[in-house]
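Single-structure report; data block below.
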There are 2 protein chains.
Amino acid sequence: MEFRLIDRIRERTALLRDDVRLGIGDDAALLAVPAGQELAVAIDTMVEGVHFLSGTAPAELGWKALAVNLSDLAAMGASPAWAMLALTLPGEASVEAQALFVDGLAEGFAELAQAHRLALVGGDTTRGPLTLSVAVHGFVPPGQALRRAGAQVGDAILVTGTLGDAAAGLRLLQDGQGSVDAAANYLIGRLHRPTPRVMTGLALRSRASACIDISDGLLADLAHVCAASGVAAELEAAALPCSPALLEKCAAQVAREFALSGGDDYELCFTVPAERLDAVREVLRGCEGGATVIGRIVAGSGVRVRDEDGHWLTPQRRGWEHFA
Amino acid sequence: MEFRLIDRIRERTALLRDDVRLGIGDDAALLAVPAGQELAVAIDTMVEGVHFLSGTAPAELGWKALAVNLSDLAAMGASPAWAMLALTLPGEASVEAQALFVDGLAEGFAELAQAHRLALVGGDTTRGPLTLSVAVHGFVPPGQALRRAGAQVGDAILVTGTLGDAAAGLRLLQDGQGSVDAAANYLIGRLHRPTPRVMTGLALRSRASACIDISDGLLADLAHVCAASGVAAELEAAALPCSPALLEKCAAQVAREFALSGGDDYELCFTVPAERLDAVREVLRGCEGGATVIGRIVAGSGVRVRDEDGHWLTPQRRGWEHFA
């Protein structure tokens, strides 16, 4: 059965890339990295009941498992090339149910892969608790990758898109309020089908001083940038970009907490020296999601948030930590 | 906690490789593939209760999770370079128990990694059912990789090392007969700490006509070579290499079944044109495990096994299939 599962995925994700010298079907794939490019690699796992709710549609899982990895490449300013998927599926389901599941998963995965000209070059399917691990590979010219270290005192802090939508979508699903209206659908869609900001990451090469993607929540992830860069961050709560749907479904206070700590947004948070800010804004005009200035880098350590009245906030949660 | 877990692994597996431009700790690692080399990549997952028994020591898991992936590189004739590890750990255990587990895992992983000058460049730890996914990267000169396709009628079929040990070790553990004597220890060690035949794979570049590693069992894996090459295989049961420990602990008939179908051996099975056989034997003299001729490639399809009296055998199992 293993090989039939992989075949289903391969059929839907096969892409003509002349840098794939040997694709799925042997003990390893053979790939050609373009001369003069560094290889950027990352791996991320999603476990049922931990990273997604039981009963999530397989197409959403396929999309998201790839999206969270593409988001890592985006945060490095790397252009996506290849992925490998390790899928663990419960053995209790009937063969037909498994085939349907894998079809759906392949469809969601392939849709996003095709949008980024990414080829699936490796696969492994095993029996066990529902888990998806994806490893991604991308390219970046030497010296141009975006890192967490590099933020300087005085830099502006920006985020792409809007924050807090995914956390609100999760809350709606947990409260049994899925798909009740357009705003709910939007928020749940943001949870299930995040948009990795690949184009923005490419546009920020050599322009941003530091970058990270927001998976655990803005406060937690920006804290990594601050720690790696040896600086502190001050955020303006009033500047946090929130979607109309989020503000429609949540009280302002809840929306703010979701935006600060919700996680699962897969937007980019990055820093830009003041003198380059206008140029970066101009470049990002063409990128889906745009970007918003939400604060600035200061001396010290940690992340602080100021409310509209100039008071320092004490957020309820600092983002989601594994094994916390 | 996630970052502390990864730090523990990193501390023990950090290796100086100047091709790792940026290691663990950012959104992706940055790597430099040597000019003129292709990248070989593979991914494999081990799930508790499916690929290993509950209660297996973490050091054995760390070793084996890497070993099965290095075995894939060996089967391609690729030299190992980098790995990424996605670890899912049950959240119920205490933080101390988790730390002990991760320490053990890192130790086993690092021991094998160091032996092959392999660097861990990516990690992801999540909460959930115990699962280890490893992605490996290696190098191979263009055109020199060993593939499953390529076996020709008349080629000799060889295997490295001995077969059936891991299956016998598993049987002993399942029967509650672990570590009763030296032979049992040997077989259980072969199950827990397989030796990926990396040196042999490198030596077979441009010499073997086809190659695969034996994970699912000789019959199942050799069948993949035959299918990919459009040929059939005839094996001589009397030629199957069995360890003294296997023959001590198992009846001859059982030892044969284990050797043919047991799986988890991670030896290489490869084919060599008759005119190159002496040269290959000479080259492999310096490789741990050596190699034994066990049959030949013939026209047709499938794999057949002949016993000492010239009768065709009907094996009890054709190897372990996921979701079978």
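Residues are named by chain letter and number: chains run A, B, ... in the order of the structure tokens, numbers start at 1 in each chain, and ligands are numbered from 1 in the order shown.
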
Residue hits in chain B, query chain A, radius 7 Å, only C-alpha atoms, as a VMD selection string: chain B and resid 1 to 2 26 to 32 38 to 45 47 50 72 to 73 75 to 76 84 86 91 122 to 124 126 to 129 147 to 148 212 321 to 324

Test item: residues at most 12 Å from B:Asp309, only C-alpha atoms, excluding those fewer than 2 positions along its chain, as a list in words: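 Surrounding residues, per the criterion: Glu236, Ala237, Ala238, Val305, Arg306, Asp307, His311, Trp312 and Leu313 of chain B.
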
Neighbour list for stretch 103-105 of chain A as a PyMOL selection string, cut-off 9 Å, only C-alpha atoms, skip fewer than 5 positions in-chain: chain A and resi 5+8-9+12+57-63+98+110

DSSP helix (DSSP H, G or I) residues within stretch 94-141 of chain B, as a count of residues only: 21

Within 8 Å of A:Leu158 using only C-alpha atoms, minus same-chain residues under 4 positions, as a list in words: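 That gives Cys269, Phe270, Thr271, Val272, Ala291, Thr292, Val293, Ile294 and Gly295 of chain A.
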